[in-house]
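A.B. asks: Next up is a structure, given as C-alpha coordinates.
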Amino acid sequence: MRKEKDKTINGISFKVTQLGFEDGVELLTTLGNIVGPALANKDFSGDNPISMLGQILAKADATQLKGIIQKLAQSTRIEREPNKWPILEPEVDLAGNYDLTFKWLGFALEANYGDFLGEAGLLSGIFLSPPPKEKALG
(Lines give C-alpha, C1' and ligand atoms only; values in the text may rest on other atoms or scores of the structure.)
Protein backbone atom coordinates (compact mmCIF):
# COMPACT_ATOMS: atom_id res chain seq x y z
CA MET A 1 0.00 0.00 0.00
CA ARG A 2 1.43 3.35 -1.04
CA LYS A 3 1.66 5.99 1.66
CA GLU A 4 1.58 9.76 1.53
CA LYS A 5 3.67 12.07 3.70
CA ASP A 6 3.33 15.82 4.15
CA LYS A 7 5.94 18.29 5.20
CA THR A 8 6.42 22.04 5.22
CA ILE A 9 9.85 23.07 3.97
CA ASN A 10 10.95 26.72 4.00
CA GLY A 11 7.29 27.71 4.52
CA ILE A 12 6.03 25.69 1.53
CA SER A 13 3.82 22.61 2.04
CA PHE A 14 4.46 19.41 0.09
CA LYS A 15 2.66 16.05 -0.13
CA VAL A 16 4.66 13.11 -1.47
CA THR A 17 2.95 9.87 -2.44
CA GLN A 18 5.22 6.86 -2.66
CA LEU A 19 6.09 5.76 -6.17
CA GLY A 20 4.49 2.64 -7.56
CA PHE A 21 6.46 -0.60 -7.52
CA GLU A 22 8.02 -0.35 -10.99
CA ASP A 23 8.98 3.33 -10.70
CA GLY A 24 10.24 2.75 -7.15
CA VAL A 25 12.48 -0.16 -8.16
CA GLU A 26 13.76 1.74 -11.19
CA LEU A 27 14.69 4.75 -9.08
CA LEU A 28 16.17 2.59 -6.32
CA THR A 29 18.43 0.94 -8.90
CA THR A 30 19.59 4.34 -10.15
CA LEU A 31 20.23 5.50 -6.58
CA GLY A 32 22.09 2.28 -5.80
CA ASN A 33 24.43 2.87 -8.74
CA ILE A 34 25.13 6.38 -7.47
CA VAL A 35 25.16 5.83 -3.69
CA GLY A 36 26.57 2.29 -3.60
CA PRO A 37 30.19 3.40 -3.96
CA ALA A 38 29.72 5.99 -1.19
CA LEU A 39 28.30 3.37 1.16
CA ALA A 40 31.16 0.99 0.36
CA ASN A 41 33.76 3.72 1.03
CA LYS A 42 35.51 2.86 4.28
CA ASP A 43 35.77 6.57 5.12
CA PHE A 44 32.01 7.03 4.81
CA SER A 45 30.10 7.01 8.07
CA GLY A 46 26.40 6.12 7.94
CA ASP A 47 25.80 8.62 10.74
CA ASN A 48 26.99 11.48 8.50
CA PRO A 49 24.21 12.05 5.91
CA ILE A 50 25.84 15.25 4.69
CA SER A 51 28.78 13.09 3.58
CA MET A 52 26.34 10.84 1.71
CA LEU A 53 24.66 13.80 -0.01
CA GLY A 54 28.10 15.04 -1.03
CA GLN A 55 28.94 11.61 -2.43
CA ILE A 56 25.69 11.58 -4.43
CA LEU A 57 26.42 15.01 -5.89
CA ALA A 58 29.98 13.97 -6.67
CA LYS A 59 28.87 10.80 -8.50
CA ALA A 60 25.63 11.82 -10.25
CA ASP A 61 25.72 13.64 -13.53
CA ALA A 62 23.18 16.32 -14.48
CA THR A 63 21.06 13.89 -16.50
CA GLN A 64 20.80 11.44 -13.59
CA LEU A 65 19.99 14.18 -11.09
CA LYS A 66 17.33 15.71 -13.35
CA GLY A 67 15.85 12.24 -13.90
CA ILE A 68 15.63 11.59 -10.15
CA ILE A 69 14.02 15.00 -9.57
CA GLN A 70 11.53 14.52 -12.44
CA LYS A 71 10.56 11.02 -11.25
CA LEU A 72 9.92 12.20 -7.68
CA ALA A 73 8.14 15.38 -8.82
CA GLN A 74 5.49 13.24 -10.55
CA SER A 75 4.31 11.98 -7.16
CA THR A 76 4.66 15.28 -5.29
CA ARG A 77 2.01 17.92 -4.84
CA ILE A 78 2.76 21.46 -3.69
CA GLU A 79 0.46 23.99 -2.08
CA ARG A 80 1.12 26.97 -4.35
CA GLU A 81 -2.05 28.70 -3.14
CA PRO A 82 -4.16 27.89 -0.07
CA ASN A 83 -5.98 24.56 -0.57
CA LYS A 84 -4.69 24.13 -4.15
CA TRP A 85 -2.38 21.15 -4.65
CA PRO A 86 -1.03 20.85 -8.22
CA ILE A 87 1.73 18.41 -9.16
CA LEU A 88 5.19 19.83 -8.48
CA GLU A 89 6.78 21.36 -11.57
CA PRO A 90 10.52 21.71 -10.94
CA GLU A 91 10.95 24.44 -13.55
CA VAL A 92 8.18 26.49 -11.93
CA ASP A 93 8.46 25.57 -8.25
CA LEU A 94 12.16 24.91 -7.70
CA ALA A 95 14.03 27.01 -10.27
CA GLY A 96 16.81 29.02 -8.67
CA ASN A 97 16.02 27.75 -5.16
CA TYR A 98 18.57 24.98 -4.59
CA ASP A 99 18.14 25.01 -0.82
CA LEU A 100 14.46 24.15 -1.27
CA THR A 101 15.27 21.72 -4.10
CA PHE A 102 17.62 19.59 -2.00
CA LYS A 103 15.48 19.73 1.13
CA TRP A 104 12.46 18.58 -0.92
CA LEU A 105 14.60 15.92 -2.65
CA GLY A 106 15.73 14.56 0.73
CA PHE A 107 12.11 14.49 1.95
CA ALA A 108 10.86 12.78 -1.23
CA LEU A 109 13.59 10.11 -0.95
CA GLU A 110 12.76 9.62 2.72
CA ALA A 111 9.03 9.31 1.93
CA ASN A 112 9.79 6.64 -0.67
CA TYR A 113 12.66 4.71 0.90
CA GLY A 114 12.56 5.57 4.61
CA ASP A 115 11.44 2.08 5.56
CA PHE A 116 14.36 0.66 3.55
CA LEU A 117 16.81 2.93 5.30
CA GLY A 118 15.27 2.35 8.75
CA GLU A 119 13.63 4.74 11.19
CA ALA A 120 16.93 6.45 11.90
CA GLY A 121 17.83 6.17 8.21
CA LEU A 122 20.71 7.74 6.38
CA LEU A 123 18.66 10.83 5.47
CA SER A 124 17.21 11.42 8.93
CA GLY A 125 19.96 13.80 10.11
CA ILE A 126 19.96 16.11 7.09
CA PHE A 127 16.96 18.13 8.20
CA LEU A 128 16.26 19.32 11.70
CA SER A 129 12.49 19.73 11.32
CA PRO A 130 10.05 17.30 12.95
CA PRO A 131 9.32 14.07 11.09
CA PRO A 132 6.64 14.28 8.39
CA LYS A 133 3.08 13.12 9.03
CA GLU A 134 2.20 9.83 7.36
CA LYS A 135 -1.12 8.39 6.31
CA ALA A 136 -2.09 5.37 4.29
CA LEU A 137 -3.84 5.83 0.94
CA GLY A 138 -6.38 3.35 0.14
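Going through the C-alpha coordinates in order, the chains are called A, B, and so on, while each chain numbers its residues from 1 and the ligands are numbered from 1 in the order shown.
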At a cut-off of 10 Å, using only C-alpha atoms, what residues contact A:Leu88? Leave out same-chain residues fewer than 2 positions from it and give the result as a CSV table (one decimal) with N, CA, C and O atoms, in the first residue's frame.

C.D. replies:
```csv
chain,number,residue,atom,x,y,z
A,14,PHE,N,4.3,20.5,1.1
A,14,PHE,CA,4.5,19.4,0.1
A,14,PHE,C,3.7,18.2,0.6
A,14,PHE,O,3.7,17.9,1.8
A,15,LYS,N,3.2,17.4,-0.4
A,15,LYS,CA,2.7,16.1,-0.1
A,15,LYS,C,3.3,15.1,-1.1
A,15,LYS,O,3.2,15.3,-2.3
A,16,VAL,N,4.0,14.1,-0.6
A,16,VAL,CA,4.7,13.1,-1.5
A,16,VAL,C,4.0,11.8,-1.3
A,16,VAL,O,3.8,11.3,-0.2
A,70,GLN,N,12.8,14.6,-11.6
A,70,GLN,CA,11.5,14.5,-12.4
A,70,GLN,C,10.7,13.4,-12.0
A,70,GLN,O,9.4,13.5,-11.9
A,72,LEU,N,10.5,11.9,-9.0
A,72,LEU,CA,9.9,12.2,-7.7
A,72,LEU,C,8.9,13.3,-7.8
A,72,LEU,O,7.9,13.3,-7.0
A,73,ALA,N,9.1,14.3,-8.7
A,73,ALA,CA,8.1,15.4,-8.8
A,73,ALA,C,6.8,14.9,-9.3
A,73,ALA,O,5.7,15.4,-8.9
A,74,GLN,N,6.8,13.8,-10.0
A,74,GLN,CA,5.5,13.2,-10.6
A,74,GLN,C,4.6,12.8,-9.4
A,74,GLN,O,3.4,12.7,-9.6
A,75,SER,N,5.1,12.4,-8.3
A,75,SER,CA,4.3,12.0,-7.2
A,75,SER,C,4.3,13.0,-6.0
A,75,SER,O,4.1,12.6,-4.9
A,76,THR,N,4.6,14.2,-6.3
A,76,THR,CA,4.7,15.3,-5.3
A,76,THR,C,3.7,16.4,-5.7
A,76,THR,O,3.6,16.8,-6.8
A,77,ARG,N,2.9,16.8,-4.7
A,77,ARG,CA,2.0,17.9,-4.8
A,77,ARG,C,2.5,19.0,-3.9
A,77,ARG,O,3.1,18.8,-2.9
A,78,ILE,N,2.3,20.3,-4.4
A,78,ILE,CA,2.8,21.5,-3.7
A,78,ILE,C,1.6,22.4,-3.5
A,78,ILE,O,0.7,22.6,-4.4
A,79,GLU,N,1.5,23.0,-2.3
A,79,GLU,CA,0.5,24.0,-2.1
A,79,GLU,C,0.9,25.4,-2.5
A,79,GLU,O,1.5,26.1,-1.8
A,80,ARG,N,0.7,25.7,-3.8
A,80,ARG,CA,1.1,27.0,-4.4
A,80,ARG,C,0.2,28.1,-3.8
A,80,ARG,O,0.7,29.2,-3.6
A,85,TRP,N,-3.5,22.1,-4.7
A,85,TRP,CA,-2.4,21.2,-4.7
A,85,TRP,C,-2.0,20.6,-6.0
A,85,TRP,O,-2.3,19.4,-6.3
A,86,PRO,N,-1.5,21.4,-6.9
A,86,PRO,CA,-1.0,20.8,-8.2
A,86,PRO,C,0.2,20.0,-8.1
A,86,PRO,O,0.9,20.0,-7.1
A,90,PRO,N,9.2,21.2,-11.3
A,90,PRO,CA,10.5,21.7,-10.9
A,90,PRO,C,10.9,23.0,-11.6
A,90,PRO,O,11.4,23.9,-10.9
A,91,GLU,N,10.6,23.2,-12.9
A,91,GLU,CA,10.9,24.4,-13.6
A,91,GLU,C,10.2,25.6,-13.0
A,91,GLU,O,10.7,26.8,-13.0
A,92,VAL,N,9.0,25.4,-12.5
A,92,VAL,CA,8.2,26.5,-11.9
A,92,VAL,C,8.4,26.7,-10.4
A,92,VAL,O,8.6,27.8,-9.9
A,93,ASP,N,8.5,25.5,-9.7
A,93,ASP,CA,8.5,25.6,-8.2
A,93,ASP,C,9.8,25.5,-7.6
A,93,ASP,O,10.0,26.0,-6.4
A,94,LEU,N,10.8,25.1,-8.3
A,94,LEU,CA,12.2,24.9,-7.7
A,94,LEU,C,13.3,25.7,-8.4
A,94,LEU,O,14.3,25.9,-7.8
```

A.B. asks: Using Å and a single decimal, report how far atom CA of A:Leu65 sits from atom CA of A:Glu89.

C.D. replies: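 Atom-to-atom, atom CA of A:Glu89 and atom CA of A:Leu65 are spaced 15.0 Å apart.
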
A.B. asks: For atom CA of A:Gln18 and atom CA of A:Ile87, determine how far apart the two atoms are, in Å to one decimal place.

C.D. replies: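 Going from atom CA of A:Gln18 over to atom CA of A:Ile87 covers 13.7 Å.
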
A.B. asks: For A:Val25, find every residue with an atom within 12 Å (counting only C-alpha atoms), except residues of its own chain fewer than 6 positions away, and show them as JSON, numbers by chain.

C.D. replies: {"A": [18, 19, 31, 32, 71, 112, 113, 116]}

A.B. asks: What would the file look like if the residues just selected were written as a PDB file, in the first residue's frame with N, CA and C atoms?

C.D. replies:
```
ATOM      1  N   GLN A  18       4.191   7.808  -2.251  1.00  0.00           N
ATOM      2  CA  GLN A  18       5.219   6.861  -2.660  1.00  0.00           C
ATOM      3  C   GLN A  18       5.018   6.451  -4.113  1.00  0.00           C
ATOM      4  N   LEU A  19       6.125   6.235  -4.791  1.00  0.00           N
ATOM      5  CA  LEU A  19       6.091   5.763  -6.168  1.00  0.00           C
ATOM      6  C   LEU A  19       5.489   4.363  -6.216  1.00  0.00           C
ATOM      7  N   LEU A  31      19.607   5.000  -7.812  1.00  0.00           N
ATOM      8  CA  LEU A  31      20.230   5.497  -6.583  1.00  0.00           C
ATOM      9  C   LEU A  31      21.328   4.556  -6.102  1.00  0.00           C
ATOM     10  N   GLY A  32      21.081   3.253  -6.213  1.00  0.00           N
ATOM     11  CA  GLY A  32      22.092   2.278  -5.804  1.00  0.00           C
ATOM     12  C   GLY A  32      23.374   2.418  -6.600  1.00  0.00           C
ATOM     13  N   LYS A  71      11.293  12.205 -11.694  1.00  0.00           N
ATOM     14  CA  LYS A  71      10.555  11.019 -11.250  1.00  0.00           C
ATOM     15  C   LYS A  71       9.833  11.302  -9.938  1.00  0.00           C
ATOM     16  N   ASN A 112       9.803   7.841   0.163  1.00  0.00           N
ATOM     17  CA  ASN A 112       9.787   6.639  -0.671  1.00  0.00           C
ATOM     18  C   ASN A 112      10.601   5.485  -0.111  1.00  0.00           C
ATOM     19  N   TYR A 113      11.734   5.772   0.508  1.00  0.00           N
ATOM     20  CA  TYR A 113      12.657   4.715   0.896  1.00  0.00           C
ATOM     21  C   TYR A 113      12.997   4.714   2.384  1.00  0.00           C
ATOM     22  N   PHE A 116      13.180   1.404   3.997  1.00  0.00           N
ATOM     23  CA  PHE A 116      14.355   0.656   3.545  1.00  0.00           C
ATOM     24  C   PHE A 116      15.591   1.095   4.311  1.00  0.00           C
TER      25      PHE A 116
END
```
